[in-house]
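This is target_26.txt (compact mmCIF, C-alpha atoms).
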# COMPACT_ATOMS: atom_id res chain seq x y z
CA MET B 1 0.00 0.00 0.00
CA SER B 2 1.46 3.34 -1.04
CA PRO B 3 2.11 5.96 1.65
CA ARG B 4 -0.43 8.71 2.00
CA ARG B 5 0.41 11.97 0.25
CA SER B 6 0.41 15.01 2.48
CA TYR B 7 0.28 18.76 2.10
CA ASP B 8 2.86 18.87 4.92
CA GLN B 9 1.15 21.87 6.47
CA TYR B 10 0.55 22.21 10.21
CA CYS B 11 -3.11 23.13 9.78
CA SER B 12 -6.19 21.08 10.72
CA ALA B 13 -7.88 21.80 7.36
CA ALA B 14 -4.78 20.60 5.51
CA ARG B 15 -4.59 17.48 7.70
CA ALA B 16 -8.27 16.74 6.96
CA LEU B 17 -7.67 17.16 3.23
CA ASP B 18 -4.73 14.76 3.49
CA LEU B 19 -7.38 12.12 4.30
CA VAL B 20 -10.45 13.15 2.29
CA GLY B 21 -9.20 15.58 -0.34
CA ASP B 22 -8.71 13.03 -3.12
CA ARG B 23 -11.31 12.83 -5.89
CA TRP B 24 -14.17 10.41 -5.05
CA THR B 25 -13.35 9.99 -1.35
CA LEU B 26 -16.18 12.13 0.03
CA LEU B 27 -18.64 10.63 -2.46
CA ILE B 28 -17.69 7.18 -1.19
CA VAL B 29 -18.45 8.47 2.31
CA ARG B 30 -21.83 9.68 1.02
CA GLU B 31 -22.63 6.18 -0.19
CA LEU B 32 -21.41 4.48 2.99
CA LEU B 33 -23.61 6.70 5.15
CA ALA B 34 -26.31 4.25 4.01
CA GLY B 35 -24.56 1.50 5.97
CA PRO B 36 -22.45 -1.47 4.81
CA ARG B 37 -22.13 -1.69 1.01
CA ARG B 38 -20.60 -4.27 -1.29
CA TYR B 39 -17.95 -3.16 -3.76
CA THR B 40 -20.29 -3.83 -6.70
CA ASP B 41 -23.02 -1.69 -5.12
CA LEU B 42 -20.59 1.17 -4.53
CA HIS B 43 -19.38 0.99 -8.11
CA ALA B 44 -22.96 1.01 -9.44
CA ASP B 45 -23.87 4.13 -7.42
CA LEU B 46 -20.69 6.04 -8.27
CA PRO B 47 -21.05 6.36 -12.06
CA GLY B 48 -17.83 7.56 -13.63
CA VAL B 49 -15.37 6.04 -11.16
CA SER B 50 -13.02 3.39 -12.53
CA THR B 51 -12.64 0.08 -10.72
CA ASP B 52 -8.94 0.81 -10.10
CA VAL B 53 -9.62 4.23 -8.55
CA LEU B 54 -12.46 2.92 -6.39
CA ALA B 55 -10.33 0.05 -5.09
CA SER B 56 -7.45 2.44 -4.39
CA ARG B 57 -9.65 4.91 -2.51
CA LEU B 58 -11.18 2.15 -0.40
CA ARG B 59 -7.73 0.86 0.53
CA ASP B 60 -6.62 4.38 1.49
CA MET B 61 -9.77 4.98 3.55
CA GLU B 62 -9.29 1.70 5.41
CA ARG B 63 -5.65 2.54 6.09
CA ASP B 64 -6.65 5.98 7.42
CA GLY B 65 -9.31 4.60 9.76
CA LEU B 66 -12.33 5.95 7.87
CA THR B 67 -13.71 2.56 6.80
CA THR B 68 -13.50 -1.10 7.67
CA ARG B 69 -14.03 -4.19 5.53
CA ARG B 70 -15.68 -7.38 6.77
CA ARG B 71 -17.03 -10.58 5.32
CA LEU B 72 -20.73 -11.31 5.63
CA PRO B 73 -21.71 -14.70 7.05
CA PRO B 74 -23.22 -17.34 4.73
CA PRO B 75 -25.25 -17.35 2.59
CA GLY B 76 -24.04 -13.82 1.73
CA ALA B 77 -20.31 -14.58 2.01
CA ALA B 78 -19.42 -11.24 0.38
CA TYR B 79 -17.17 -8.48 1.65
CA VAL B 80 -18.79 -5.20 2.63
CA TYR B 81 -17.31 -1.80 3.41
CA GLU B 82 -18.62 0.41 6.19
CA LEU B 83 -17.70 3.64 7.90
CA THR B 84 -15.97 3.69 11.26
CA ALA B 85 -17.14 6.10 13.95
CA HIS B 86 -14.37 8.41 12.71
CA GLY B 87 -15.71 8.20 9.17
CA ARG B 88 -19.32 8.81 10.26
CA ARG B 89 -18.23 12.11 11.76
CA LEU B 90 -17.92 13.37 8.18
CA LEU B 91 -21.74 13.61 7.93
CA PRO B 92 -21.88 17.30 8.98
CA VAL B 93 -18.97 18.01 6.61
CA LEU B 94 -20.97 16.60 3.69
CA GLN B 95 -24.10 18.43 4.80
CA ALA B 96 -22.23 21.73 5.02
CA LEU B 97 -20.60 21.09 1.64
CA GLY B 98 -23.99 20.31 0.12
CA GLU B 99 -25.50 23.48 1.55
CA TRP B 100 -22.59 25.53 0.24
CA GLY B 101 -22.84 23.90 -3.18
CA ARG B 102 -26.60 24.00 -3.69
CA ALA B 103 -26.34 27.33 -5.51
CA GLU B 104 -24.20 25.47 -8.06
CA LEU B 105 -26.80 22.75 -8.64
CA GLY B 106 -28.69 24.58 -11.36
CA GLU B 107 -30.66 22.62 -13.92
CA ARG B 108 -29.88 18.97 -14.42
CA ARG B 109 -27.57 18.50 -17.41
CA PRO B 110 -28.12 15.72 -19.98
CA THR B 111 -24.90 14.07 -18.81
CA ASP B 112 -25.82 14.18 -15.10
CA ALA B 113 -26.46 10.84 -13.41
CA VAL B 114 -28.99 10.77 -10.58
CA ARG B 115 -29.92 8.31 -7.86
CA ALA B 116 -32.96 8.77 -5.64
CA HIS B 117 -30.93 8.44 -2.43
CA TRP B 118 -28.69 11.37 -3.42
CA PHE B 119 -31.57 13.56 -2.21
CA ALA B 120 -31.26 12.06 1.28
CA LEU B 121 -28.74 14.55 2.67
CA PRO B 122 -30.63 17.70 1.51
CA LEU B 123 -33.85 16.31 3.01
CA LEU B 124 -32.13 15.43 6.28
CA ARG B 125 -30.92 19.01 6.53
CA GLU B 126 -34.56 20.16 6.35
CA LEU B 127 -36.08 17.77 8.90
CA GLU B 128 -36.05 18.05 12.69
CA GLY B 129 -36.61 15.60 15.50
CA ALA B 130 -35.97 11.87 15.28
CA GLY B 131 -37.60 9.05 13.41
CA LEU B 132 -37.76 6.89 10.32
CA VAL B 133 -39.09 8.46 7.10
CA GLU B 134 -39.82 6.71 3.80
CA VAL B 135 -39.52 8.88 0.67
CA ARG B 136 -41.02 8.03 -2.71
CA LEU B 137 -39.75 9.88 -5.80
CA ASP B 138 -40.06 9.34 -9.55
CA GLU B 139 -36.55 7.82 -9.53
CA GLY B 140 -37.18 5.40 -6.67
CA VAL B 141 -37.71 4.94 -2.96
CA PHE B 142 -35.34 5.51 -0.07
CA HIS B 143 -35.62 6.04 3.67
CA LEU B 144 -34.08 8.42 6.19
CA TYR B 145 -33.08 8.00 9.82
CA ILE B 146 -33.66 11.50 11.20
CA GLY B 147 -31.49 12.34 14.19
CA ALA B 148 -29.35 9.21 13.84
CA GLU B 149 -26.14 9.49 15.85
CA ASP B 150 -24.80 6.03 15.10
CA GLY B 151 -25.19 3.69 12.15
CA PRO B 152 -26.77 4.50 8.79
CA VAL B 153 -28.48 7.83 8.16
CA TYR B 154 -30.36 6.68 5.05
CA GLY B 155 -30.95 3.56 2.98
CA ASP B 156 -32.18 2.46 -0.44
CA GLY B 157 -35.64 1.03 -0.86
CA ARG B 158 -38.59 0.93 1.48
CA ALA B 159 -38.20 1.50 5.21
CA PRO B 160 -37.20 -1.69 7.06
CA ALA B 161 -39.90 -1.06 9.69
CA GLU B 162 -43.11 0.94 9.94
CA PRO B 163 -41.94 4.52 9.29
CA ASP B 164 -42.93 7.54 11.36
CA ALA B 165 -43.81 9.30 8.10
CA ARG B 166 -44.09 8.61 4.39
CA PHE B 167 -43.38 11.33 1.83
CA VAL B 168 -44.54 11.23 -1.78
CA MET B 169 -43.31 13.98 -4.10
CA ASP B 170 -42.15 14.54 -7.64
CA THR B 171 -38.53 15.09 -8.54
CA GLY B 172 -39.12 18.80 -9.23
CA THR B 173 -40.25 19.36 -5.65
CA CYS B 174 -37.33 17.42 -4.21
CA THR B 175 -34.93 19.32 -6.45
CA ALA B 176 -36.38 22.63 -5.24
CA VAL B 177 -35.78 21.51 -1.64
CA ALA B 178 -32.22 20.45 -2.51
CA ARG B 179 -31.54 23.86 -4.08
CA GLY B 180 -32.88 25.68 -1.03
CA GLU B 181 -35.74 27.21 -3.02
CA LEU B 182 -38.47 25.44 -1.03
CA SER B 183 -38.69 24.22 2.55
CA VAL B 184 -40.27 20.90 3.45
CA PRO B 185 -43.01 22.52 5.63
CA ASP B 186 -43.90 24.93 2.80
CA ALA B 187 -44.02 22.06 0.31
CA VAL B 188 -46.37 20.16 2.62
CA ARG B 189 -48.63 23.21 3.04
CA GLU B 190 -48.72 23.73 -0.73
CA GLY B 191 -49.64 20.10 -1.33
CA ARG B 192 -46.41 19.36 -3.17
CA ILE B 193 -45.38 16.74 -0.59
CA GLU B 194 -47.99 14.20 0.45
CA VAL B 195 -47.36 13.16 4.05
CA SER B 196 -48.86 10.08 5.69
CA GLY B 197 -48.12 8.24 8.92
CA ASP B 198 -48.93 8.55 12.61
CA GLY B 199 -45.47 9.32 13.98
CA ALA B 200 -44.27 12.58 15.49
CA VAL B 201 -42.51 13.63 12.28
CA ALA B 202 -45.68 13.30 10.19
CA LYS B 203 -47.85 15.02 12.78
CA ALA B 204 -45.44 17.94 13.18
CA LEU B 205 -45.33 18.57 9.43
CA ARG B 206 -49.10 18.37 9.01
CA GLU B 207 -49.56 20.85 11.86
CA ALA B 208 -46.80 23.24 10.79
Could I get this file's structure written as structure tokens?
Amino acid sequence: MSPRRSYDQYCSAARALDLVGDRWTLLIVRELLAGPRRYTDLHADLPGVSTDVLASRLRDMERDGLTTRRRLPPPGAAYVYELTAHGRRLLPVLQALGEWGRAELGERRPTDAVRAHWFALPLLRELEGAGLVEVRLDEGVFHLYIGAEDGPVYGDGRAPAEPDARFVMDTGTCTAVARGELSVPDAVREGRIEVSGDGAVAKALREA
């Protein structure tokens, strides 16, 4: 394994960029915030990354204590990658970066890939409290763990248990939320987000 490159600057920002400043690293973190992922799943949800670069980044992240790799028990018997507690602490970094960059989002370009769960972090930024939320978009379904301090903060597909709230919206509405042009409570009041469920999250939004 090659030694880590360094800026060799006695500065906490420079030290952080020594670990996560390489291309693709923070996007791998974004994917692993969903919990353990197989290499093939990571590659499928990171369109544009080569297999060599992805493998190299994962090795570097494991070396630097951001991720671990473990083998699933039978019948899975596959290796999965997951964030360490140190790696999970990058969640607010990604949220702040997303908020800073939302003015750059603009209109979707013909070459832009999209996955439904990429809207998870902008939605999490908008929601308060704690609970499990299932979100249905044109592109697919994902779920959010609001207020999660340990473990995954979102996941692909339907919620693994009865959610506190279910959201149904079109991609235009979710994009407006991601850009900061529309808040979730306003979208609910305007009928652009359909909210169902009996949990505290659903009740708070319907009463807002």
_Length of the CA of Val141 (chain B) to CA of Leu72 (chain B) vector [Å]_ = 25.0 Å
*Mind checking which residues fall within 9 Å of region 20-33 of chain B, counting all atoms listed in the file, ignoring those fewer than 2 positions away in the same chain, and posting them as a PyMOL selection string?*
chain B and resi 14+16-18+35-37+42+45-46+49+53-54+57-58+61+66-67+81-83+87-88+90-91+94+117-118+121+151-155
*Please provide the set of residues having any atom within 12 Å of Arg63 (chain B), restricted to only C-alpha atoms, with same-chain residues fewer than 6 positions apart removed, written as a list in words.*
Met1, Ser2, Pro3, Arg4, Leu19, Ser56, Arg57, Arg69, Thr84 and Gly87 of chain B
Quick one: write out the picked residues with C-alpha atoms as a PDB file, in the frame of the given file?
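In the end it all went to part.pdb:
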ATOM      1  CA  MET B   1       0.000   0.000   0.000  1.00  0.00           C
ATOM      2  CA  SER B   2       1.460   3.340  -1.040  1.00  0.00           C
ATOM      3  CA  PRO B   3       2.110   5.960   1.650  1.00  0.00           C
ATOM      4  CA  ARG B   4      -0.430   8.710   2.000  1.00  0.00           C
ATOM      5  CA  LEU B  19      -7.380  12.120   4.300  1.00  0.00           C
ATOM      6  CA  SER B  56      -7.450   2.440  -4.390  1.00  0.00           C
ATOM      7  CA  ARG B  57      -9.650   4.910  -2.510  1.00  0.00           C
ATOM      8  CA  ARG B  69     -14.030  -4.190   5.530  1.00  0.00           C
ATOM      9  CA  THR B  84     -15.970   3.690  11.260  1.00  0.00           C
ATOM     10  CA  GLY B  87     -15.710   8.200   9.170  1.00  0.00           C
TER      11      GLY B  87
END
*Interatomic distance (Å, one decimal) between CA of Pro47 (chain B) and CA of Thr111 (chain B)*: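 These atoms are spaced 10.9 Å apart.
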*Point out the residue among B:Val177, B:Ile146, B:Leu105, B:Val133 with the least atom-to-atom distance to Ala159 (chain B), counting only C-alpha atoms.*
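Of B:Val177, B:Ile146, B:Leu105, B:Val133, the one nearest Ala159 (chain B), counting only C-alpha atoms, is B:Val133.
Going from CA of Ala161 (chain B) to CA of Gly140 (chain B) covers 17.8 Å.
In terms of minimum interatomic distance to Asp156 (chain B), B:Ala34 ranks closest within B:Ala44, B:Ala85, B:Ala34, B:Ala96, counting all atoms listed in the file.
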*Do you know which residues lie at most 8 Å from (-40.4, 16.2, 3.4), with coordinates as in the file and all atoms listed in the file counted, and could you write them as a list in words?*
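Result, sorted by chain then residue number: Leu123, Glu126, Leu127, Val135, Phe167, Val184, Pro185, Ala187, Val188, Ile193 and Val195 of chain B.
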